[in-house]
Every structure is written in C-alpha cells, then in structure tokens.
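Data file: input-v2.cif. Format and content: mmCIF, C-alpha atoms.
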data_final
loop_
_atom_site.label_atom_id
_atom_site.label_comp_id
_atom_site.auth_asym_id
_atom_site.auth_seq_id
_atom_site.Cartn_x
_atom_site.Cartn_y
_atom_site.Cartn_z
CA MET A 5 8.84 -10.50 23.74
CA GLU A 6 11.03 -8.00 21.90
CA ILE A 7 12.05 -6.16 25.09
CA ILE A 8 13.30 -9.41 26.65
CA LYS A 9 15.12 -10.61 23.52
CA ARG A 10 16.84 -7.24 23.11
CA ALA A 11 18.00 -7.27 26.74
CA ILE A 12 19.35 -10.83 26.43
CA ALA A 13 21.19 -9.91 23.21
CA GLU A 14 22.78 -6.99 25.07
CA GLY A 15 23.66 -9.24 28.02
CA ARG A 16 21.51 -7.45 30.61
CA LYS A 17 18.19 -7.81 32.41
CA PRO A 18 15.21 -6.11 30.74
CA ASP A 19 13.95 -2.79 32.11
CA LEU A 20 11.08 -4.10 34.22
CA GLN A 21 8.95 -0.94 34.08
CA GLU A 22 9.31 -0.94 30.30
CA LEU A 23 8.29 -4.61 30.29
CA VAL A 24 5.22 -3.99 32.45
CA ASP A 25 4.23 -1.01 30.27
CA ALA A 26 4.40 -3.25 27.19
CA ILE A 27 1.72 -5.56 28.65
CA PRO A 28 -1.77 -4.11 28.02
CA TYR A 29 -3.37 -5.87 31.01
CA CYS A 30 -0.73 -4.46 33.42
CA ARG A 31 -1.36 -0.97 32.06
CA PHE A 32 -5.10 -1.53 32.50
CA LEU A 33 -4.63 -2.50 36.17
CA GLY A 34 -2.11 0.31 36.77
CA ILE A 35 0.97 -1.63 37.87
CA GLU A 36 4.32 0.06 38.53
CA VAL A 37 7.70 -1.43 39.40
CA ASP A 38 10.05 0.02 42.02
CA ARG A 39 13.47 -1.55 41.70
CA LYS A 40 16.23 -0.82 44.19
CA GLY A 41 19.10 -3.04 43.07
CA THR A 42 17.92 -6.61 43.40
CA GLU A 43 15.01 -5.60 45.65
CA LEU A 44 11.76 -5.31 43.82
CA THR A 45 8.42 -3.90 44.94
CA THR A 46 5.41 -3.73 42.64
CA ILE A 47 2.75 -1.08 43.12
CA LEU A 48 -0.92 -1.37 42.18
CA ARG A 49 -2.20 2.20 41.89
CA PHE A 50 -5.74 2.41 43.16
CA SER A 51 -8.48 3.27 40.70
CA GLU A 52 -12.25 2.88 40.87
CA LYS A 53 -12.32 0.09 38.26
CA LEU A 54 -10.43 -2.25 40.63
CA ILE A 55 -13.35 -2.39 43.08
CA GLY A 56 -15.09 -5.76 43.50
CA ASN A 57 -17.30 -4.94 46.47
CA PRO A 58 -18.79 -1.45 46.10
CA VAL A 59 -20.49 -1.58 49.53
CA LEU A 60 -17.36 -1.92 51.68
CA PRO A 61 -15.67 -0.85 49.32
CA ALA A 62 -12.98 -3.50 48.67
CA LEU A 63 -10.66 -4.46 45.83
CA HIS A 64 -11.80 -7.30 43.58
CA GLY A 65 -10.26 -10.63 44.62
CA GLY A 66 -9.34 -11.32 41.01
CA VAL A 67 -7.45 -8.03 40.82
CA VAL A 68 -5.43 -8.85 43.94
CA GLY A 69 -4.70 -12.33 42.54
CA ALA A 70 -3.68 -10.91 39.17
CA PHE A 71 -1.43 -8.34 40.84
CA LEU A 72 0.35 -11.07 42.84
CA GLU A 73 0.73 -13.14 39.68
CA VAL A 74 2.30 -10.19 37.86
CA THR A 75 4.60 -9.60 40.85
CA ALA A 76 5.78 -13.22 40.70
CA VAL A 77 6.41 -12.96 36.95
CA ILE A 78 8.36 -9.69 37.32
CA GLN A 79 10.53 -11.22 40.07
CA LEU A 80 11.22 -14.19 37.78
CA MET A 81 12.20 -11.83 34.96
CA LEU A 82 14.78 -10.29 37.29
CA GLU A 83 16.19 -13.47 38.82
CA ALA A 84 15.36 -16.43 36.60
CA ASP A 85 16.96 -17.41 33.35
CA SER A 86 14.09 -17.17 30.87
CA GLU A 87 13.97 -15.90 27.31
CA ASP A 88 10.23 -15.29 27.46
CA LEU A 89 7.56 -14.34 29.99
CA PRO A 90 7.16 -17.16 32.53
CA LYS A 91 3.82 -19.00 32.19
CA PRO A 92 1.76 -19.79 35.28
CA VAL A 93 1.13 -23.52 35.76
CA ASP A 94 -0.87 -23.25 38.96
CA ILE A 95 -1.40 -20.59 41.59
CA GLY A 96 -3.00 -20.61 45.01
CA ILE A 97 -4.14 -17.39 46.62
CA ASP A 98 -4.96 -16.91 50.29
CA TYR A 99 -7.11 -13.88 50.95
CA LEU A 100 -6.14 -12.57 54.38
CA ARG A 101 -7.84 -9.18 54.66
CA SER A 102 -10.14 -7.20 52.40
CA GLY A 103 -8.25 -4.81 50.14
CA LYS A 104 -9.00 -1.18 50.94
CA PRO A 105 -9.46 1.35 48.12
CA VAL A 106 -5.84 2.56 48.31
CA ASP A 107 -2.52 1.71 46.63
CA THR A 108 -1.32 -1.89 47.17
CA TYR A 109 2.27 -3.14 47.23
CA ALA A 110 3.72 -6.60 46.70
CA ARG A 111 6.96 -8.54 46.81
CA ALA A 112 7.83 -12.02 45.63
CA ILE A 113 10.44 -14.61 46.61
CA ILE A 114 11.60 -17.45 44.39
CA THR A 115 11.47 -20.45 46.70
CA LYS A 116 12.94 -22.90 44.22
CA HIS A 117 14.56 -22.19 40.89
CA GLY A 118 14.31 -25.31 38.77
CA ARG A 119 15.52 -25.71 35.22
CA ARG A 120 12.06 -25.49 33.74
CA VAL A 121 9.76 -24.75 36.66
CA CYS A 122 10.11 -22.16 39.42
CA ASN A 123 8.24 -22.10 42.72
CA VAL A 124 7.35 -18.57 43.81
CA ARG A 125 5.70 -16.98 46.84
CA ALA A 126 4.34 -13.44 46.85
CA GLU A 127 2.63 -11.20 49.39
CA ALA A 128 0.57 -8.04 49.00
CA TRP A 129 0.06 -5.36 51.64
CA GLN A 130 -1.29 -1.84 51.93
CA ASP A 131 -0.45 0.31 54.94
CA GLU A 132 1.65 -2.14 56.95
CA HIS A 133 3.95 -4.75 55.52
CA THR A 134 3.25 -6.96 58.56
CA ARG A 135 -0.47 -7.00 57.77
CA PRO A 136 -0.63 -8.66 54.33
CA ILE A 137 -3.97 -8.61 52.49
CA ALA A 138 -3.19 -11.65 50.33
CA ALA A 139 -0.52 -14.26 49.67
CA LEU A 140 0.20 -16.28 46.56
CA HIS A 141 2.20 -19.41 45.92
CA GLY A 142 2.58 -20.77 42.46
CA HIS A 143 4.55 -22.69 39.88
CA PHE A 144 5.75 -20.97 36.73
CA LEU A 145 7.16 -22.50 33.58
CA ILE A 146 10.27 -20.72 32.30
CA LYS A 147 12.06 -21.00 28.97
CA PRO A 148 15.81 -21.32 29.59
CA THR A 149 17.97 -19.14 27.33
CA ASN A 150 20.27 -22.03 26.33
CA GLY A 151 17.86 -22.82 23.52
CA GLU A 152 16.29 -25.93 25.00
CA SER A 153 12.50 -25.86 24.85
CA ALA A 154 10.71 -25.66 28.18
CA MET B 13 -49.44 0.36 32.22
CA THR B 14 -48.83 -3.23 31.25
CA GLU B 15 -47.09 -5.46 33.72
CA LYS B 16 -43.40 -5.83 32.99
CA ALA B 17 -42.02 -9.29 32.25
CA ARG B 18 -40.25 -10.70 35.29
CA PRO B 19 -36.48 -10.47 34.87
CA THR B 20 -34.77 -13.82 34.49
CA PRO B 21 -32.43 -14.93 37.31
CA ALA B 22 -29.47 -14.20 35.01
CA GLN B 23 -30.77 -10.66 34.45
CA GLN B 24 -31.25 -10.18 38.20
CA VAL B 25 -27.68 -11.24 38.99
CA GLY B 26 -26.47 -9.29 35.96
CA PHE B 27 -28.06 -6.17 37.40
CA VAL B 28 -26.13 -6.64 40.67
CA LEU B 29 -22.92 -7.13 38.63
CA THR B 30 -23.30 -3.77 36.89
CA ALA B 31 -22.72 -2.19 40.33
CA VAL B 32 -19.33 -3.96 40.60
CA PRO B 33 -16.81 -1.63 38.93
CA HIS B 34 -14.24 -4.32 38.10
CA ALA B 35 -16.88 -6.63 36.60
CA ALA B 36 -18.01 -3.69 34.45
CA ALA B 37 -14.39 -2.95 33.45
CA LEU B 38 -14.01 -6.55 32.23
CA LYS B 39 -17.50 -6.44 30.61
CA LEU B 40 -18.23 -9.53 32.70
CA THR B 41 -21.79 -10.75 32.16
CA VAL B 42 -23.94 -13.57 33.53
CA VAL B 43 -24.97 -16.02 30.80
CA ASP B 44 -26.97 -18.42 32.95
CA VAL B 45 -27.67 -18.94 36.64
CA LYS B 46 -29.57 -21.43 38.76
CA PRO B 47 -29.13 -22.07 42.49
CA GLY B 48 -25.50 -23.08 42.94
CA GLU B 49 -24.60 -23.11 39.22
CA VAL B 50 -23.51 -20.14 37.13
CA VAL B 51 -22.06 -19.41 33.70
CA CYS B 52 -20.34 -16.04 33.14
CA LYS B 53 -18.54 -14.52 30.18
CA VAL B 54 -15.71 -12.06 29.56
CA PRO B 55 -15.43 -10.89 25.94
CA TYR B 56 -11.97 -10.68 24.36
CA ALA B 57 -10.55 -7.16 24.54
CA GLU B 58 -7.26 -5.44 23.73
CA HIS B 59 -6.70 -4.18 27.28
CA LEU B 60 -6.82 -7.74 28.67
CA ILE B 61 -3.82 -8.96 26.65
CA GLY B 62 -1.02 -10.43 28.77
CA ASN B 63 1.52 -11.10 26.03
CA PRO B 64 1.66 -8.57 23.16
CA ASP B 65 3.45 -11.10 20.89
CA THR B 66 0.86 -13.86 21.12
CA ARG B 67 -2.06 -11.55 22.05
CA VAL B 68 -3.18 -14.15 24.61
CA VAL B 69 -5.36 -12.85 27.46
CA HIS B 70 -3.51 -12.45 30.80
CA GLY B 71 -3.92 -15.16 33.45
CA GLY B 72 -5.17 -12.49 35.84
CA VAL B 73 -8.32 -12.07 33.76
CA ILE B 74 -9.04 -15.79 34.21
CA THR B 75 -8.42 -15.36 37.95
CA ALA B 76 -10.91 -12.48 38.19
CA LEU B 77 -13.49 -14.31 36.05
CA LEU B 78 -13.26 -17.56 38.05
CA ASP B 79 -13.28 -15.74 41.41
CA ASN B 80 -16.37 -13.75 40.47
CA THR B 81 -18.19 -16.74 38.93
CA CYS B 82 -17.51 -18.93 41.99
CA GLY B 83 -18.69 -16.07 44.22
CA ILE B 84 -21.96 -15.76 42.28
CA ALA B 85 -22.43 -19.56 42.48
CA VAL B 86 -22.05 -19.41 46.27
CA GLY B 87 -24.30 -16.34 46.47
CA SER B 88 -26.99 -18.03 44.36
CA LYS B 89 -27.02 -21.08 46.62
CA THR B 90 -26.84 -19.34 50.01
CA ALA B 91 -28.74 -16.10 49.26
CA LEU B 92 -25.85 -14.30 50.95
CA GLN B 93 -24.77 -12.29 47.90
CA GLY B 94 -22.56 -9.47 49.13
CA GLN B 95 -21.86 -11.10 52.49
CA ILE B 96 -19.27 -13.59 51.36
CA ALA B 97 -15.50 -13.31 51.10
CA THR B 98 -13.01 -15.46 49.17
CA LEU B 99 -10.76 -17.34 51.60
CA ASP B 100 -8.62 -19.06 49.05
CA LEU B 101 -8.59 -19.70 45.35
CA ARG B 102 -6.47 -22.25 43.56
CA ILE B 103 -6.15 -22.13 39.80
CA ASP B 104 -4.58 -24.62 37.41
CA TYR B 105 -3.79 -23.21 33.99
CA MET B 106 -4.19 -25.89 31.33
CA LYS B 107 -3.73 -24.01 28.08
CA PRO B 108 -3.53 -20.41 26.87
CA ALA B 109 -6.82 -18.79 25.88
CA THR B 110 -7.25 -18.41 22.11
CA PRO B 111 -6.74 -14.76 21.05
CA GLY B 112 -9.94 -13.13 19.82
CA GLU B 113 -12.28 -15.59 21.49
CA ASP B 114 -14.61 -14.83 24.41
CA ILE B 115 -13.93 -16.69 27.65
CA LEU B 116 -16.70 -18.46 29.52
CA ALA B 117 -16.61 -19.74 33.07
CA PHE B 118 -18.85 -22.30 34.73
CA ALA B 119 -18.85 -22.56 38.51
CA GLU B 120 -20.76 -24.70 40.97
CA CYS B 121 -21.10 -24.36 44.70
CA TYR B 122 -21.06 -28.00 45.78
CA LYS B 123 -21.00 -27.75 49.56
CA VAL B 124 -22.25 -25.23 52.10
CA THR B 125 -21.49 -25.49 55.80
CA LYS B 126 -22.36 -23.09 58.64
CA ASN B 127 -19.36 -20.83 58.02
CA ILE B 128 -17.82 -21.96 54.74
CA ALA B 129 -18.91 -22.68 51.17
CA PHE B 130 -16.90 -24.64 48.61
CA ALA B 131 -17.00 -24.03 44.90
CA ARG B 132 -15.22 -25.26 41.80
CA GLY B 133 -15.07 -23.76 38.36
CA VAL B 134 -13.75 -24.13 34.86
CA ALA B 135 -12.84 -21.52 32.23
CA TYR B 136 -13.28 -22.47 28.56
CA HIS B 137 -14.18 -21.17 25.10
CA SER B 138 -16.85 -23.53 23.78
CA ASP B 139 -16.22 -26.95 25.29
CA ARG B 140 -16.23 -27.34 29.06
CA ASN B 141 -14.21 -30.55 28.65
CA ASP B 142 -11.39 -28.65 26.96
CA PRO B 143 -10.56 -26.22 29.78
CA ILE B 144 -8.32 -23.15 29.72
CA ALA B 145 -8.16 -23.34 33.52
CA THR B 146 -9.87 -24.98 36.46
CA CYS B 147 -10.24 -23.70 40.00
CA ALA B 148 -11.26 -24.66 43.50
CA ALA B 149 -12.30 -22.01 45.99
CA ALA B 150 -13.45 -21.66 49.59
CA PHE B 151 -15.62 -18.78 50.76
CA MET B 152 -16.34 -17.40 54.21
CA LEU B 153 -20.06 -16.86 54.75
CA GLY B 154 -21.83 -14.06 56.62
CA THR B 155 -19.01 -11.56 56.44
CA LYS B 156 -19.63 -7.93 57.29
CA SER B 157 -21.27 -5.93 54.57
CA THR B 158 -21.31 -2.50 56.18
CA SER B 159 -19.40 0.33 54.58
CA ARG B 160 -15.99 1.22 55.97
CA ALA B 161 -17.20 4.83 56.05
CA ASN B 162 -19.95 3.88 58.52
CA LYS B 163 -17.57 2.26 60.96
CA ALA B 164 -16.56 4.29 63.97
CA THR B 165 -13.32 2.40 64.39
CA GLY B 166 -10.88 0.90 61.98
CA ALA B 167 -11.31 -2.57 63.48
CA ARG B 168 -12.19 -5.35 61.07
#
Is it possible to express this structure as structure tokens?
Amino acid sequence: MEIIKRAIAEGRKPDLQELVDAIPYCRFLGIEVDRKGTELTTILRFSEKLIGNPVLPALHGGVVGAFLEVTAVIQLMLEADSEDLPKPVDIGIDYLRSGKPVDTYARAIITKHGRRVCNVRAEAWQDEHTRPIAALHGHFLIKPTNGESA
Amino acid sequence: MTEKARPTPAQQVGFVLTAVPHAAALKLTVVDVKPGEVVCKVPYAEHLIGNPDTRVVHGGVITALLDNTCGIAVGSKTALQGQIATLDLRIDYMKPATPGEDILAFAECYKVTKNIAFARGVAYHSDRNDPIATCAAAFMLGTKSTSRANKATGAR
C-alpha cells in the first residue's frame, strides 16, 4: 500500500489511523486506533449494523473476529518488519462473552516474530479489561522489507 | 384470496436473516438450506475491500460469512435458531478472494451433543474444492435468548 511504502521510504512507521482509514472495510466497521508510544489500543465504535443477535442484542461474532484480526494486523504494522499488509494464514477465535451494543476495545501481542510468519494473540473487551469478550490467536504472513519474497 | 405458495426453507431462513443488522449490512443471503447443510452468499462490494491496492475483500468478511453460515447450519439441524452462541471459530485462509466476484459459503453441522454442536464450513467462488478459506466451529446450545433490557440484573 502507498501509505506503507511512503513511510518506509521516509524511514518511519506508517500513521496507523491513516492506514486504517485507507481500508474500506475498516471504515465500514468503524475502527479507530489509539496509539500512546508503542502501546496500541484499537476501538470499534458501536453502530447498529454491527449487531448479529437483535434479540439480546449482541455484536455479530464475525464482527468481533474481524476486529481482532484488524487489531493483530495493526500491531504487526507497528512492530513487525513488513513492506505490505500482513496476510492472515489461520486464526482461531474464542468467544468468551456476548458483545454488548457499546464500543469495544482490543489489544494485540506478538508472541513470536519470525522472518516470514508472526504469531499474534489479541483480546477484545468492553467495560472491563479483565472481562474479555473474545480472544484471537493467529499466524500472519509478513513481507520483509529486505526485498526477499515472503 | 388464493392460498399463498409456501415459502421455501431458504426463504424462511432468509426472512430471519433480514432481522440481523450485520447480515443485512453485508447483503448476506441464504442460497440453499436443508437440515444441517446451508449455502450462503455475500456479494462483492466496495465497502468490504481489505486492501485498496489489490481490491481483495477483507478476511473479516469471510469470518462473518463463515460464522453466520455455520450458525444457520446448527440452527437448521437443532431447531434452536437464536438460542446458540459461537464458542470458538478457527479459520484457515487458503487464497485471497478474487476481486469483483461474489463469495459463497457452505457449512454443515456434523455433530450435535446435549450442550454443543460442531460445524465445518468452506468459503469459495464457484468450486467448493478450490476454497478461499475453511473453518471449524463449536457452538453452545440452549443459550439465553431474552433481551438484556428485560433482565433485572446485569448477571449473564
């Protein structure tokens, strides 16, 4: 992506909010990035279209999964050495509590940074960080900037 | 008044889906359904793009499609539609979706126990043997289906 290539050429990390805003699906979901130094929290702003169970109501499981996947990718863009958006290879999502119709937050940790593949864990919560609503673990393919193909 | 034609099972499930805001936002429709086996579709759309360079649909769309399709498969086999909750969902991404093409998902619920149902699914364009992604999911059965607003306490 242009934003990533420009940042690499200028020897810095891309602006992550600018990156998220350049991805139509992230705009559609309503994802924001809150970066405090190296600490990153993503925010999924609640909107009616994110509902998967209108009776409860609860967030759609696919939305929560997608949000965690985006969180993992954003964390990789900050920490990993990749000249393009990391590609998911496989993800596993544990649904721990139903998502209430409010804003959701998430953070990701890179468990293992390989040359081509990174192992990432991410957790989403709403009111209390200690009561996560879902957790993701996944493998992502990165494209190292040294020119070697991934 | 003449008697109306009975809606097909796909139309019946499709009607339930129109009440799910996120399914409506994805324009997710039911193509075919029989007990324990479902085919759903998400048409290609600009707002689902995950990479503006390649215009490939975001992986999250596949996640939502497979989750929903597996859920309908479990619901169609157990008659517990609306009273199930995804416990876990594992997705393997095999290839990027082709830009401009609709994405189909087939899911089957292959085992139901007292508390849990197991389902597997595959996302594809035209050939189920050439998958975009595959998934395996477990669902909790008989979960609460009362509105949060009706609950006196915040307990789950």
query: So which residues get picked by the PyMOL selection byres ((chain B) within 9 of (chain A)) here, written as number ranges by chain?
result: B: 31-37, 58-65, 69-80, 94, 97-106, 156-161, 168
- prompt: Just how far from atom CA of B:Met152 is atom CA of B:Val54, in Å to one decimal?
  reply: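 We find that atom CA of B:Val54 and atom CA of B:Met152 lie 25.2 Å from each other.
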field: Nearest to B:Tyr56, chosen from B:Asp114, B:Val25, B:Ser88, B:Leu38, with all atoms listed in the file counted in the distances
entry: B:Asp114
message: Which residue is closest to A:Leu48? Choose from A:Ile114, A:Ile7, A:Val106, A:Leu145 and count all atoms listed in the file.
response: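 Using all atoms listed in the file, A:Leu48 sits closest to A:Val106.
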statement: Separating atom CA of B:Leu40 from atom CA of B:Ala57, to the nearest tenth of an Å, is a gap of 11.5 Å
message: Report, in Å to a single decimal, how far apart atom CA of B:Phe130 and atom CA of B:Ala150 are.
response: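 Taking atom CA of B:Ala150 and atom CA of B:Phe130, their separation equals 4.7 Å.
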Reference answer for the PyMOL selection byres ((chain B and resi 26) around 10), as a PDB file with C-alpha atoms, keeping the file's coordinate frame:
ATOM      1  CA  THR B  20     -34.770 -13.820  34.490  1.00  0.00           C
ATOM      2  CA  PRO B  21     -32.430 -14.930  37.310  1.00  0.00           C
ATOM      3  CA  ALA B  22     -29.470 -14.200  35.010  1.00  0.00           C
ATOM      4  CA  GLN B  23     -30.770 -10.660  34.450  1.00  0.00           C
ATOM      5  CA  GLN B  24     -31.250 -10.180  38.200  1.00  0.00           C
ATOM      6  CA  VAL B  25     -27.680 -11.240  38.990  1.00  0.00           C
ATOM      7  CA  PHE B  27     -28.060  -6.170  37.400  1.00  0.00           C
ATOM      8  CA  VAL B  28     -26.130  -6.640  40.670  1.00  0.00           C
ATOM      9  CA  LEU B  29     -22.920  -7.130  38.630  1.00  0.00           C
ATOM     10  CA  THR B  30     -23.300  -3.770  36.890  1.00  0.00           C
ATOM     11  CA  ALA B  31     -22.720  -2.190  40.330  1.00  0.00           C
ATOM     12  CA  ALA B  35     -16.880  -6.630  36.600  1.00  0.00           C
ATOM     13  CA  LEU B  40     -18.230  -9.530  32.700  1.00  0.00           C
ATOM     14  CA  THR B  41     -21.790 -10.750  32.160  1.00  0.00           C
ATOM     15  CA  VAL B  42     -23.940 -13.570  33.530  1.00  0.00           C
ATOM     16  CA  VAL B  43     -24.970 -16.020  30.800  1.00  0.00           C
ATOM     17  CA  ASP B  44     -26.970 -18.420  32.950  1.00  0.00           C
ATOM     18  CA  VAL B  45     -27.670 -18.940  36.640  1.00  0.00           C
ATOM     19  CA  CYS B  52     -20.340 -16.040  33.140  1.00  0.00           C
TER      20      CYS B  52
END
message: I want to know what sits within 6 Å of B:Ile128, based on all atoms listed in the file, with residues of the same chain fewer than 2 positions away left out; could you give that as a PyMOL selection string?
response: chain B and resi 125+151-153
Resolved residues for the PyMOL selection byres ((chain B and resi 138) around 12) as a PyMOL selection string: chain B and resi 51+53+109-110+113-118+134-137+139-144
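Shortest atom-to-atom contact with A:Ile146 among A:Asp131, A:Asp107, A:Glu87, A:Asp25: A:Glu87, counting only C-alpha atoms.
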- request: Find the residue from A:Leu80, A:Ile8, A:Gly41, A:Tyr109 that sits nearest to A:Arg135; use all atoms listed in the file when measuring.
  value: A:Tyr109
query: Smallest atom-to-atom distance to A:Ile47: which of A:Thr115, A:Ala128, A:Ile137, A:Gly103, using all atoms listed in the file?
result: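 Answer, going by the shortest atom-to-atom distance: A:Ala128.
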